[in-house]
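Here's model37.tsv, which has TSV, C-alpha atoms:
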```
chain	number	residue	atom	x	y	z
C	763	MET	CA	171.91	94.03	30.10
C	764	SER	CA	168.45	93.83	28.54
C	765	ALA	CA	167.05	95.98	25.78
C	766	HIS	CA	164.89	97.65	28.38
C	767	ALA	CA	167.89	98.62	30.46
C	768	HIS	CA	169.75	99.80	27.35
C	769	ALA	CA	166.79	101.97	26.44
C	770	GLU	CA	166.94	103.54	29.89
C	771	GLU	CA	170.64	104.33	29.44
C	772	HIS	CA	169.81	106.47	26.39
C	773	HIS	CA	166.83	108.12	28.03
C	774	HIS	CA	167.29	111.83	28.73
C	775	GLY	CA	165.53	113.75	31.45
C	776	PRO	CA	164.11	112.39	34.68
C	777	PRO	CA	163.31	108.68	34.83
C	778	ALA	CA	159.70	107.64	34.52
C	779	ALA	CA	157.81	107.60	37.80
C	780	ASN	CA	156.73	104.18	38.97
C	781	ALA	CA	153.01	104.10	38.31
C	782	SER	CA	152.11	101.69	41.06
C	783	SER	CA	152.50	103.91	44.09
C	784	ALA	CA	153.53	107.37	42.97
C	785	VAL	CA	150.82	109.93	42.31
C	786	ASP	CA	150.41	111.37	38.84
C	787	PRO	CA	152.49	114.60	38.80
C	788	ARG	CA	149.52	116.70	37.70
C	789	VAL	CA	147.32	115.34	40.47
C	790	LEU	CA	150.21	115.73	42.92
C	791	GLY	CA	150.52	119.41	41.93
C	792	MET	CA	146.84	119.97	42.66
C	793	LEU	CA	147.09	118.09	45.97
C	794	MET	CA	150.07	120.20	47.05
C	795	PHE	CA	148.21	123.37	46.10
C	796	ILE	CA	145.23	122.19	48.14
C	797	GLY	CA	147.60	121.40	51.02
C	798	SER	CA	148.73	125.04	51.01
C	799	GLU	CA	145.08	126.14	50.87
C	800	VAL	CA	144.26	123.98	53.90
C	801	MET	CA	147.03	125.78	55.79
C	802	LEU	CA	145.56	129.14	54.74
C	803	PHE	CA	142.14	128.10	56.04
C	804	GLY	CA	143.85	126.77	59.17
C	805	SER	CA	145.20	130.24	59.96
C	806	PHE	CA	141.71	131.73	59.61
C	807	PHE	CA	140.22	129.01	61.83
C	808	THR	CA	142.93	129.71	64.39
C	809	ALA	CA	141.90	133.36	64.42
C	810	TYR	CA	138.24	132.32	64.72
C	811	PHE	CA	138.85	130.04	67.70
C	812	PHE	CA	141.12	132.62	69.29
C	813	VAL	CA	138.32	135.16	69.20
C	814	ARG	CA	135.73	132.62	70.33
C	815	VAL	CA	137.56	130.44	72.87
C	816	VAL	CA	140.52	132.41	74.17
C	817	ASN	CA	138.57	135.64	74.56
C	818	ASN	CA	135.68	133.54	75.92
C	819	PRO	CA	132.81	135.99	75.40
C	820	PRO	CA	129.65	135.31	77.47
C	821	HIS	CA	127.49	134.88	74.35
C	822	TRP	CA	128.34	133.52	70.90
C	823	PRO	CA	127.35	135.02	68.55
C	824	PRO	CA	127.26	138.21	70.62
C	825	ILE	CA	123.80	139.42	71.62
C	826	GLY	CA	122.09	141.20	68.74
C	827	PHE	CA	123.86	139.24	65.99
C	828	HIS	CA	122.00	136.47	64.22
C	829	LEU	CA	123.39	134.18	61.55
C	830	PRO	CA	121.18	132.95	58.67
C	831	VAL	CA	121.55	129.28	59.67
C	832	PHE	CA	118.68	127.99	57.54
C	833	VAL	CA	119.71	129.74	54.33
C	834	ALA	CA	123.32	128.65	54.87
C	835	GLY	CA	122.04	125.11	55.45
C	836	VAL	CA	120.23	125.16	52.10
C	837	ASN	CA	123.40	126.54	50.53
C	838	THR	CA	125.34	123.65	52.11
C	839	ALA	CA	122.93	121.14	50.57
C	840	ILE	CA	123.38	122.81	47.17
C	841	LEU	CA	127.15	122.66	47.40
C	842	VAL	CA	127.19	119.03	48.56
C	843	THR	CA	124.89	118.12	45.67
C	844	SER	CA	127.28	119.85	43.28
C	845	SER	CA	130.00	117.45	44.39
C	846	PHE	CA	127.79	114.58	43.24
C	847	THR	CA	127.22	116.20	39.85
C	848	VAL	CA	130.92	116.87	39.21
C	849	HIS	CA	131.65	113.27	40.21
C	850	TRP	CA	128.93	112.18	37.77
C	851	ALA	CA	130.56	114.30	35.04
C	852	LEU	CA	133.92	112.59	35.53
C	853	THR	CA	132.40	109.11	35.77
C	854	SER	CA	130.52	109.80	32.53
C	855	ILE	CA	133.58	110.84	30.54
C	856	LYS	CA	135.50	107.84	31.90
C	857	ARG	CA	132.78	105.73	30.29
C	858	GLY	CA	132.92	107.84	27.14
C	859	THR	CA	129.52	109.47	27.71
C	860	ARG	CA	129.87	113.08	26.64
C	861	THR	CA	126.25	114.01	27.45
C	862	GLY	CA	126.79	113.07	31.09
C	863	LEU	CA	130.02	115.06	31.15
C	864	LYS	CA	128.38	118.20	29.79
C	865	ALA	CA	125.24	117.89	31.93
C	866	GLY	CA	127.29	117.20	35.08
C	867	LEU	CA	129.57	120.18	34.52
C	868	VAL	CA	126.72	122.57	33.69
C	869	LEU	CA	124.74	121.49	36.75
C	870	THR	CA	127.81	121.83	38.95
C	871	PHE	CA	128.52	125.31	37.63
C	872	LEU	CA	124.90	126.40	38.12
C	873	MET	CA	124.81	125.10	41.68
C	874	GLY	CA	128.13	126.74	42.51
C	875	PHE	CA	126.88	130.01	41.02
C	876	THR	CA	123.66	129.72	43.06
C	877	PHE	CA	125.71	129.18	46.20
C	878	LEU	CA	127.86	132.24	45.57
C	879	ALA	CA	124.89	134.44	44.58
C	880	THR	CA	122.97	133.39	47.70
C	881	GLN	CA	125.98	134.15	49.88
C	882	ILE	CA	126.36	137.63	48.38
C	883	ILE	CA	122.64	138.32	48.87
C	884	GLU	CA	122.92	137.15	52.49
C	885	TYR	CA	125.88	139.45	53.04
C	886	ALA	CA	123.72	142.36	51.91
C	887	ARG	CA	120.85	141.39	54.23
C	888	ILE	CA	122.74	140.14	57.26
C	889	GLY	CA	122.59	143.44	59.14
C	890	PHE	CA	126.17	143.79	60.32
C	891	ALA	CA	129.49	144.76	58.76
C	892	PRO	CA	133.05	143.45	59.07
C	893	ARG	CA	134.19	146.53	61.01
C	894	ASP	CA	131.60	146.14	63.79
C	895	ASN	CA	133.52	143.83	66.13
C	896	ALA	CA	135.83	140.81	66.26
C	897	PHE	CA	132.97	138.37	65.66
C	898	THR	CA	131.77	140.09	62.50
C	899	THR	CA	135.34	140.51	61.24
C	900	ILE	CA	136.17	136.83	61.56
C	901	PHE	CA	132.74	135.79	60.21
C	902	PHE	CA	133.20	137.79	57.01
C	903	ASN	CA	136.83	136.72	56.74
C	904	LEU	CA	136.12	132.99	56.98
C	905	THR	CA	133.04	132.91	54.81
C	906	GLY	CA	134.57	135.47	52.40
C	907	LEU	CA	137.75	133.42	52.07
C	908	HIS	CA	135.61	130.42	51.20
C	909	GLY	CA	133.53	132.50	48.80
C	910	ALA	CA	136.72	133.53	47.00
C	911	HIS	CA	137.59	129.85	46.61
C	912	VAL	CA	134.13	129.15	45.22
C	913	PHE	CA	134.76	131.93	42.68
C	914	VAL	CA	138.08	130.33	41.69
C	915	GLY	CA	136.37	126.94	41.49
C	916	LEU	CA	133.65	128.40	39.27
C	917	SER	CA	136.29	129.89	36.98
C	918	ILE	CA	137.97	126.49	36.66
C	919	LEU	CA	134.58	124.83	36.07
C	920	LEU	CA	133.69	127.41	33.43
C	921	VAL	CA	136.88	126.69	31.47
C	922	THR	CA	136.33	122.94	31.90
C	923	THR	CA	132.72	123.23	30.74
C	924	ILE	CA	133.65	125.30	27.67
C	925	ARG	CA	136.33	122.75	26.80
C	926	ALA	CA	133.81	119.93	27.23
C	927	PHE	CA	131.38	121.64	24.81
C	928	ARG	CA	134.22	122.19	22.34
C	929	GLY	CA	134.80	118.45	22.20
C	930	HIS	CA	137.78	118.17	24.51
C	931	TYR	CA	138.28	115.24	26.92
C	932	SER	CA	137.74	111.56	26.23
C	933	ALA	CA	137.57	108.27	28.10
C	934	GLU	CA	141.40	108.16	27.99
C	935	HIS	CA	142.21	111.86	28.47
C	936	HIS	CA	140.17	113.64	31.13
C	937	HIS	CA	142.72	115.12	33.50
C	938	GLY	CA	141.16	118.57	33.18
C	939	VAL	CA	137.90	117.26	34.61
C	940	GLU	CA	139.67	115.21	37.29
C	941	LEU	CA	141.66	118.20	38.59
C	942	ALA	CA	138.64	120.52	38.49
C	943	GLY	CA	136.69	117.86	40.41
C	944	ILE	CA	139.37	117.52	43.08
C	945	TYR	CA	139.43	121.29	43.60
C	946	TRP	CA	135.65	121.48	43.74
C	947	HIS	CA	135.49	118.70	46.34
C	948	PHE	CA	138.05	120.58	48.41
C	949	VAL	CA	135.88	123.72	48.24
C	950	ASP	CA	132.92	121.60	49.31
C	951	VAL	CA	134.70	119.98	52.28
C	952	MET	CA	135.98	123.36	53.45
C	953	TRP	CA	132.46	124.77	53.37
C	954	ILE	CA	131.15	121.84	55.43
C	955	VAL	CA	133.82	122.64	58.05
C	956	VAL	CA	133.09	126.39	57.89
C	957	TYR	CA	129.32	125.87	58.14
C	958	PHE	CA	129.66	123.44	61.04
C	959	THR	CA	132.11	125.68	62.90
C	960	VAL	CA	130.59	129.09	62.30
C	961	TYR	CA	126.86	128.39	61.99
C	962	ILE	CA	126.21	125.19	63.99
C	963	ILE	CA	128.47	124.97	67.05
K	1266	MET	CA	152.26	104.46	53.77
K	1267	LYS	CA	150.57	105.58	50.61
K	1268	ASN	CA	149.00	108.92	49.89
K	1269	PRO	CA	145.28	108.33	50.61
K	1270	PHE	CA	144.20	111.02	48.13
K	1271	ARG	CA	145.22	110.07	44.65
K	1272	SER	CA	142.18	110.85	42.54
K	1273	GLU	CA	138.88	112.68	42.25
K	1274	ALA	CA	137.12	109.55	43.52
K	1275	ASP	CA	139.15	109.72	46.76
K	1276	ALA	CA	138.27	113.40	47.15
K	1277	PHE	CA	134.59	112.60	46.53
K	1278	ARG	CA	134.67	109.95	49.26
K	1279	LEU	CA	136.15	112.60	51.56
K	1280	VAL	CA	133.13	114.84	50.85
K	1281	ILE	CA	130.75	111.99	51.75
K	1282	GLY	CA	132.78	111.25	54.88
K	1283	ALA	CA	132.74	114.91	55.93
K	1284	VAL	CA	128.96	115.10	55.48
K	1285	VAL	CA	128.42	111.96	57.58
K	1286	TYR	CA	130.94	113.00	60.26
K	1287	PHE	CA	129.78	116.58	60.79
K	1288	GLY	CA	126.14	115.70	60.14
K	1289	ALA	CA	126.11	113.02	62.85
K	1290	ILE	CA	127.71	115.39	65.37
K	1291	ALA	CA	125.26	118.18	64.53
K	1292	ILE	CA	122.22	115.88	64.75
K	1293	ALA	CA	123.40	114.40	68.07
K	1294	ALA	CA	123.93	117.88	69.49
K	1295	ALA	CA	120.54	119.08	68.23
K	1296	VAL	CA	118.65	116.08	69.61
K	1297	GLY	CA	120.51	115.28	72.84
K	1298	GLY	CA	122.30	118.50	73.65
K	1299	ARG	CA	125.93	119.64	73.75
K	1300	TRP	CA	127.27	116.61	75.65
K	1301	TRP	CA	125.70	114.17	73.19
K	1302	GLY	CA	127.32	116.08	70.38
K	1303	LEU	CA	130.66	115.92	72.16
K	1304	GLY	CA	130.23	112.18	72.76
K	1305	VAL	CA	129.48	111.48	69.09
K	1306	PHE	CA	132.45	113.67	68.12
K	1307	VAL	CA	134.79	111.64	70.36
K	1308	VAL	CA	133.41	108.26	69.20
K	1309	LEU	CA	133.51	109.16	65.50
K	1310	SER	CA	137.00	110.68	65.77
K	1311	ALA	CA	138.27	107.52	67.48
K	1312	ALA	CA	136.56	105.37	64.83
K	1313	VAL	CA	138.20	107.39	62.04
K	1314	ALA	CA	141.62	107.10	63.74
K	1315	VAL	CA	141.24	103.31	64.13
K	1316	TRP	CA	140.05	102.97	60.53
K	1317	VAL	CA	143.03	104.93	59.22
K	1318	LEU	CA	145.50	102.85	61.27
K	1319	ARG	CA	143.89	99.53	60.31
K	1320	ARG	CA	143.77	100.58	56.67
K	1321	GLU	CA	147.56	100.82	56.70
K	1322	THR	CA	148.05	97.28	57.94
K	1323	ARG	CA	145.12	95.52	56.28
K	1324	GLU	CA	146.22	92.61	54.19
K	1325	ARG	CA	145.23	92.52	50.58
K	1326	PRO	CA	144.21	89.23	48.95
K	1327	PRO	CA	147.05	87.06	47.65
K	1328	VAL	CA	148.19	87.87	44.16
K	1329	ALA	CA	149.06	84.99	41.87
K	1330	PRO	CA	151.25	85.34	38.77
K	1331	ARG	CA	149.90	85.43	35.25
K	1332	ARG	CA	149.78	81.86	33.95
K	1333	ARG	CA	151.45	81.25	30.62
K	1334	VAL	CA	150.70	78.23	28.50
K	1335	GLY	CA	153.36	76.42	26.49
K	1336	GLU	CA	156.45	77.95	28.10
K	1337	ASP	CA	159.02	75.46	29.32
K	1338	GLU	CA	161.38	77.98	30.91
K	1339	ARG	CA	161.40	78.87	34.59
K	1340	ARG	CA	160.82	82.48	35.43
K	1341	ILE	CA	162.85	83.65	38.40
K	1342	LEU	CA	162.24	87.00	40.01
K	1343	VAL	CA	165.07	88.34	42.18
K	1344	VAL	CA	164.35	91.23	44.52
K	1345	ALA	CA	167.32	92.83	46.22
K	1346	ASN	CA	168.60	96.24	47.31
K	1347	GLU	CA	172.23	96.79	48.40
K	1348	THR	CA	172.72	93.02	48.48
K	1349	VAL	CA	172.01	92.76	44.77
K	1350	ALA	CA	175.73	92.22	44.07
K	1351	GLY	CA	176.27	89.71	46.91
K	1352	ALA	CA	177.97	86.35	46.27
K	1353	ALA	CA	175.34	84.39	48.24
K	1354	LEU	CA	172.64	85.77	45.99
K	1355	ARG	CA	174.58	84.98	42.83
K	1356	ASP	CA	175.04	81.39	44.09
K	1357	GLU	CA	171.33	81.05	44.77
K	1358	ILE	CA	170.45	82.32	41.29
K	1359	ARG	CA	172.99	79.94	39.73
K	1360	ARG	CA	171.42	77.02	41.64
K	1361	ALA	CA	167.96	78.02	40.48
K	1362	VAL	CA	168.90	78.29	36.81
K	1363	GLU	CA	170.85	75.01	36.82
K	1364	GLU	CA	167.52	73.12	36.87
K	1365	GLY	CA	166.75	74.09	33.28
K	1366	ARG	CA	166.14	76.99	30.94
K	1367	ALA	CA	165.48	80.08	32.98
K	1368	ASN	CA	164.45	83.67	32.51
K	1369	VAL	CA	165.80	85.86	35.30
K	1370	LEU	CA	164.46	89.30	36.17
K	1371	VAL	CA	166.31	91.26	38.84
K	1372	VAL	CA	164.27	94.01	40.48
K	1373	SER	CA	166.04	96.58	42.58
K	1374	PRO	CA	163.58	98.74	44.56
K	1375	ALA	CA	164.31	102.45	44.41
K	1376	LEU	CA	164.80	102.90	48.15
K	1377	ASN	CA	163.71	106.35	49.21
K	1378	SER	CA	162.77	108.38	52.26
K	1379	LYS	CA	159.05	108.70	53.01
K	1380	LEU	CA	159.08	112.44	52.38
K	1381	LYS	CA	160.77	112.08	49.00
K	1382	HIS	CA	158.43	109.22	48.08
K	1383	TRP	CA	155.36	111.32	48.90
K	1384	THR	CA	156.64	114.22	46.85
K	1385	SER	CA	157.62	111.90	43.96
K	1386	ASP	CA	161.25	113.04	44.31
K	1387	GLU	CA	162.70	109.69	43.31
K	1388	ASN	CA	165.33	110.59	40.71
K	1389	GLN	CA	168.29	109.99	43.05
K	1390	ALA	CA	166.80	106.79	44.45
K	1391	ARG	CA	166.17	105.40	40.97
K	1392	ALA	CA	169.64	106.39	39.77
K	1393	ALA	CA	171.25	104.61	42.75
K	1394	ALA	CA	169.08	101.53	42.19
K	1395	GLU	CA	169.98	101.50	38.49
K	1396	GLU	CA	173.68	101.64	39.36
K	1397	ARG	CA	173.38	98.68	41.76
K	1398	LEU	CA	171.34	96.82	39.19
K	1399	GLY	CA	173.87	97.40	36.43
K	1400	ARG	CA	176.68	95.94	38.57
K	1401	SER	CA	174.59	92.91	39.46
K	1402	ILE	CA	173.50	92.17	35.89
K	1403	ALA	CA	177.10	92.46	34.68
K	1404	GLN	CA	178.25	89.98	37.35
K	1405	LEU	CA	175.49	87.53	36.48
K	1406	GLU	CA	176.40	87.75	32.79
K	1407	GLN	CA	180.02	87.02	33.70
K	1408	LEU	CA	178.76	83.82	35.33
K	1409	GLY	CA	176.88	82.95	32.16
K	1410	ILE	CA	173.46	83.71	33.60
K	1411	PRO	CA	171.41	85.84	31.20
K	1412	ALA	CA	169.34	88.28	33.16
K	1413	ARG	CA	167.59	91.56	32.74
K	1414	GLY	CA	166.93	94.20	35.34
K	1415	GLU	CA	164.33	96.72	36.35
K	1416	VAL	CA	164.14	99.41	38.99
K	1417	GLY	CA	161.09	98.76	41.13
K	1418	ASP	CA	158.87	100.58	43.57
K	1419	ALA	CA	160.40	101.84	46.81
K	1420	ASP	CA	158.21	99.38	48.72
K	1421	PRO	CA	159.72	95.94	48.05
K	1422	VAL	CA	156.39	94.11	48.42
K	1423	GLN	CA	154.83	96.54	45.94
K	1424	ALA	CA	157.80	95.99	43.62
K	1425	ILE	CA	157.17	92.23	43.75
K	1426	GLU	CA	153.47	92.75	43.05
K	1427	ASP	CA	154.30	94.92	40.02
K	1428	ALA	CA	156.71	92.30	38.69
K	1429	LEU	CA	154.17	89.55	39.31
K	1430	ARG	CA	151.72	91.28	37.02
K	1431	THR	CA	154.20	91.95	34.22
K	1432	PHE	CA	156.66	89.05	34.53
K	1433	GLY	CA	154.72	86.18	36.11
K	1434	PRO	CA	157.55	84.39	37.95
K	1435	ASP	CA	157.59	80.73	39.08
K	1436	LEU	CA	160.05	81.50	41.88
K	1437	ILE	CA	160.77	84.65	43.85
K	1438	VAL	CA	164.17	85.15	45.47
K	1439	ILE	CA	164.31	87.88	48.10
K	1440	SER	CA	167.76	88.94	49.20
K	1441	THR	CA	168.33	90.81	52.47
K	1442	HIS	CA	171.07	91.76	54.87
K	1443	PRO	CA	171.42	89.52	57.98
K	1444	GLU	CA	169.00	89.83	60.89
K	1445	GLY	CA	169.67	92.98	62.88
K	1446	ARG	CA	171.06	94.90	59.92
K	1447	SER	CA	168.15	94.47	57.54
K	1448	ASN	CA	165.34	97.03	57.37
K	1449	TRP	CA	163.38	94.65	55.17
K	1450	LEU	CA	163.49	91.88	57.80
K	1451	GLU	CA	162.51	94.40	60.46
K	1452	GLN	CA	159.52	95.43	58.34
K	1453	GLY	CA	158.58	91.79	57.76
K	1454	VAL	CA	158.95	92.04	53.98
K	1455	VAL	CA	159.65	88.31	53.49
K	1456	GLY	CA	156.70	87.27	55.69
K	1457	SER	CA	154.34	89.74	54.00
K	1458	ALA	CA	155.38	88.51	50.56
K	1459	ARG	CA	154.87	84.86	51.57
K	1460	GLU	CA	151.38	85.66	52.89
K	1461	ARG	CA	150.36	87.69	49.87
K	1462	PHE	CA	151.80	85.92	46.88
K	1463	ALA	CA	150.95	82.39	45.79
K	1464	VAL	CA	154.47	81.79	44.44
K	1465	PRO	CA	157.38	79.88	46.10
K	1466	ILE	CA	159.65	82.37	47.82
K	1467	THR	CA	163.30	81.78	48.71
K	1468	HIS	CA	164.95	84.09	51.22
K	1469	VAL	CA	168.70	84.62	50.78
K	1470	VAL	CA	170.75	86.35	53.46
K	1471	VAL	CA	173.73	88.23	52.06
K	1472	ASP	CA	176.36	89.33	54.54
K	1473	LEU	CA	178.28	91.92	52.54
K	1474	GLU	CA	180.64	92.68	55.45
K	1475	ALA	CA	181.64	89.02	55.80
K	1476	GLU	CA	182.07	88.72	52.03
K	1477	ALA	CA	184.30	91.80	52.00
K	1478	THR	CA	186.40	90.48	54.92
K	1479	SER	CA	186.90	87.07	53.29
K	1480	ALA	CA	187.83	88.72	49.99
K	1481	GLU	CA	190.59	90.84	51.58
K	1482	PRO	CA	194.13	89.62	50.87
K	1483	VAL	CA	195.82	88.02	53.91
```

Can you turn what I pasted into structure tokens?
Amino acid sequence: MSAHAHAEEHHHGPPAANASSAVDPRVLGMLMFIGSEVMLFGSFFTAYFFVRVVNNPPHWPPIGFHLPVFVAGVNTAILVTSSFTVHWALTSIKRGTRTGLKAGLVLTFLMGFTFLATQIIEYARIGFAPRDNAFTTIFFNLTGLHGAHVFVGLSILLVTTIRAFRGHYSAEHHHGVELAGIYWHFVDVMWIVVYFTVYII
Amino acid sequence: MKNPFRSEADAFRLVIGAVVYFGAIAIAAAVGGRWWGLGVFVVLSAAVAVWVLRRETRERPPVAPRRRVGEDERRILVVANETVAGAALRDEIRRAVEEGRANVLVVSPALNSKLKHWTSDENQARAAAEERLGRSIAQLEQLGIPARGEVGDADPVQAIEDALRTFGPDLIVISTHPEGRSNWLEQGVVGSARERFAVPITHVVVDLEAEATSAEPV
């Protein structure tokens, strides 16, 4: 047998994954985690549609409850823009441009922080509480669950940004940025679904 | 079927797609009313479903081998699964190498279930493929045919494409079970390979059951 095959005979541990069609194990781990998160959001959406469709109230939102659609829309634009900046950060480091990496990560963090701060301010001004009725409960649950994910995403981005400023990552090694980017895009897509479902339709 | 989300770039495209999808529905509903929104939702959902299905079957451009200058040996790529130790395949390889100096690479795809492939659980599949490969290489060496072996991707066409990039064969030999018993023939592996790769392809049918019957002592 060839030298290559002999080398494999003496190899200990699992065989190397075929790079052509298998996903990088680190990316696969993040994708599986996101898969579980999608299921978590799915359960909350099920509860939302149960309250809204199965109960079939005459008005939705119930009379007397108003959602800040415009402010949430601006927040949506901010979050979508932050996906562009994190993508820019990763593209930059792939080209070896550290300035683009740092600027992209800082901008992404600032926009994510703005989103979260705006949401907290809106909670304080919205005029109803989770305990009021089923609508308010599911509204705070869905948007709060997403807000918690934004907080986690910001924590990941903060670590990634600090590492970027400390000189970590290069054109060859940038998995930290890639994984943070994937998570941030997931947070973004989930918000688009939440905004469309809760605020628009 | 491959995992459509393999990188940050894929996730970013999903964000763009989500913005376009939900944005179009919201705009249609705002401008034309609820039924317009529903119509756009149905049309876009159908378009996405068709795109996903077509994406699976879309042909990629043919892949040609790397050209090497100054090499007088023939490079023969053999792709086989359980039939890798079949007599018909060994005969075909012997015929091919008789024409001159030859470099033979045997690729045995690590056949796996879809679930295990998606979760990258391919240790067992690779171990089984390595075992088959080892038997085949040993038999070829007994016949005086020097060959080396590699475990390839679970998708045989992908395994050929990988080998094309690294090995650059002049001839590809694909070995399958007979019609009716071969998953590869059912999936159109030989036809797909002929359409995609600009390299002569020989298809060898190995009937392991018939070989076993004829080998039994009377």

Legend entry - Interatomic distance, CA of Lys864 in chain C to CA of Gly938 in chain C (Å, one decimal): 13.2 Å

Inset, instruction - When you get a sec, could you note down which chain K residues fall within 6 Å of chain C, using only C-alpha atoms, as a list in words? - result: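 Here is what falls inside 6 Å: Glu1273, Ala1276, Val1280 and Arg1413 of chain K.
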
Inset, instruction - Would you mind listing what lies within 9 Å of Leu863 in chain C as a list in words, with all atoms listed in the file counted and same-chain residues fewer than 4 positions away left out? - result: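 Everything that qualifies: Val848, Trp850, Ala851, Leu852, Thr853, Ser854, Ile855, Gly858, Thr859, Leu867, Val868, Thr923, Ala926 and Val939 of chain C.
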
Inset, instruction - Determine, counting all atoms listed in the file, which protein, DNA and RNA residues have an atom within 7 Å of an atom of Met873 in chain C; residues of the same chain fewer than 5 positions away are not included. Present the result as a list in words. - result: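 Using all atoms listed in the file, the neighbours found are Ile840, Leu841 and Ser844 of chain C.
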
Inset, instruction - Between C:Thr905, C:Thr847, C:Asn895, C:Ser917, single out the one closest to Ala865 in chain C, counting only C-alpha atoms. - result: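 Using only C-alpha atoms, Ala865 in chain C sits closest to C:Thr847.
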
Legend entry - Top pick for closest residue to Ala809 in chain C, considering C:Phe913, C:Tyr931, C:Ile900, C:Leu919 and counting only C-alpha atoms: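 That would be C:Ile900, the residue with the smallest distance to Ala809 in chain C.
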
Inset, instruction - Pick out the residues sitting within 9 Å of Ala1412 in chain K, and hand them over as a list in words; count all atoms listed in the file, and ignore anything fewer than 3 positions along from it in its own chain. - result: Met763 and Ser764 of chain C; Asn1368, Val1369, Leu1370, Val1371, Ile1402, Ala1403, Leu1405 and Glu1406 of chain K

Would you write out those residues with C-alpha atoms, as an mmCIF file, keeping the file's coordinate frame?
```cif
data_model
loop_
_atom_site.group_PDB
_atom_site.id
_atom_site.type_symbol
_atom_site.label_atom_id
_atom_site.label_comp_id
_atom_site.auth_asym_id
_atom_site.auth_seq_id
_atom_site.Cartn_x
_atom_site.Cartn_y
_atom_site.Cartn_z
ATOM 1 C CA MET C 763 171.910 94.030 30.100
ATOM 2 C CA SER C 764 168.450 93.830 28.540
ATOM 3 C CA ASN K 1368 164.450 83.670 32.510
ATOM 4 C CA VAL K 1369 165.800 85.860 35.300
ATOM 5 C CA LEU K 1370 164.460 89.300 36.170
ATOM 6 C CA VAL K 1371 166.310 91.260 38.840
ATOM 7 C CA ILE K 1402 173.500 92.170 35.890
ATOM 8 C CA ALA K 1403 177.100 92.460 34.680
ATOM 9 C CA LEU K 1405 175.490 87.530 36.480
ATOM 10 C CA GLU K 1406 176.400 87.750 32.790
#
```

Legend entry - Closest of C:Arg860, C:Thr843, C:Phe811, C:Phe902 to His930 in chain C - atom-to-atom distances counting all atoms listed in the file: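 Counting all atoms listed in the file, the residue closest to His930 in chain C is C:Arg860.
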
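In terms of minimum interatomic distance to Val800 in chain C, C:Trp953 ranks closest within C:Trp953, C:Phe890, C:Tyr885, C:Phe827, counting only C-alpha atoms.
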
Inset, instruction - Mind giving me the straight-line distance from CA of Ala1350 in chain K to CA of Ser1401 in chain K in Å, one decimal? - result: 4.8 Å

Legend entry - Between CA of Val1416 in chain K and CA of Ala1392 in chain K - distance in Å to one decimal: 8.9 Å

Inset, instruction - May I ask which of the residues C:Pro824, C:Thr876, C:Phe803, C:Phe812 is the closest one to Gly906 in chain C, counting only C-alpha atoms? - result: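 Ranking C:Pro824, C:Thr876, C:Phe803, C:Phe812 by distance to Gly906 in chain C, first place goes to C:Phe803.
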
Legend entry - Non-local contacts of range 1458-1468 of chain K (12 Å; only C-alpha atoms; under 3 positions in same chain excluded) as a PyMOL selection string: chain K and resi 1323-1332+1340-1345+1353-1354+1357-1358+1360-1361+1420-1430+1433-1444+1449-1450+1452-1455+1471

Mind dumping the selected residues with C-alpha atoms as a tab-separated table (two decimals), in the frame of the given file?
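Final output, saved to selection-v9.tsv:
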```
chain	number	residue	atom	x	y	z
K	1323	ARG	CA	145.12	95.52	56.28
K	1324	GLU	CA	146.22	92.61	54.19
K	1325	ARG	CA	145.23	92.52	50.58
K	1326	PRO	CA	144.21	89.23	48.95
K	1327	PRO	CA	147.05	87.06	47.65
K	1328	VAL	CA	148.19	87.87	44.16
K	1329	ALA	CA	149.06	84.99	41.87
K	1330	PRO	CA	151.25	85.34	38.77
K	1331	ARG	CA	149.90	85.43	35.25
K	1332	ARG	CA	149.78	81.86	33.95
K	1340	ARG	CA	160.82	82.48	35.43
K	1341	ILE	CA	162.85	83.65	38.40
K	1342	LEU	CA	162.24	87.00	40.01
K	1343	VAL	CA	165.07	88.34	42.18
K	1344	VAL	CA	164.35	91.23	44.52
K	1345	ALA	CA	167.32	92.83	46.22
K	1353	ALA	CA	175.34	84.39	48.24
K	1354	LEU	CA	172.64	85.77	45.99
K	1357	GLU	CA	171.33	81.05	44.77
K	1358	ILE	CA	170.45	82.32	41.29
K	1360	ARG	CA	171.42	77.02	41.64
K	1361	ALA	CA	167.96	78.02	40.48
K	1420	ASP	CA	158.21	99.38	48.72
K	1421	PRO	CA	159.72	95.94	48.05
K	1422	VAL	CA	156.39	94.11	48.42
K	1423	GLN	CA	154.83	96.54	45.94
K	1424	ALA	CA	157.80	95.99	43.62
K	1425	ILE	CA	157.17	92.23	43.75
K	1426	GLU	CA	153.47	92.75	43.05
K	1427	ASP	CA	154.30	94.92	40.02
K	1428	ALA	CA	156.71	92.30	38.69
K	1429	LEU	CA	154.17	89.55	39.31
K	1430	ARG	CA	151.72	91.28	37.02
K	1433	GLY	CA	154.72	86.18	36.11
K	1434	PRO	CA	157.55	84.39	37.95
K	1435	ASP	CA	157.59	80.73	39.08
K	1436	LEU	CA	160.05	81.50	41.88
K	1437	ILE	CA	160.77	84.65	43.85
K	1438	VAL	CA	164.17	85.15	45.47
K	1439	ILE	CA	164.31	87.88	48.10
K	1440	SER	CA	167.76	88.94	49.20
K	1441	THR	CA	168.33	90.81	52.47
K	1442	HIS	CA	171.07	91.76	54.87
K	1443	PRO	CA	171.42	89.52	57.98
K	1444	GLU	CA	169.00	89.83	60.89
K	1449	TRP	CA	163.38	94.65	55.17
K	1450	LEU	CA	163.49	91.88	57.80
K	1452	GLN	CA	159.52	95.43	58.34
K	1453	GLY	CA	158.58	91.79	57.76
K	1454	VAL	CA	158.95	92.04	53.98
K	1455	VAL	CA	159.65	88.31	53.49
K	1471	VAL	CA	173.73	88.23	52.06
```
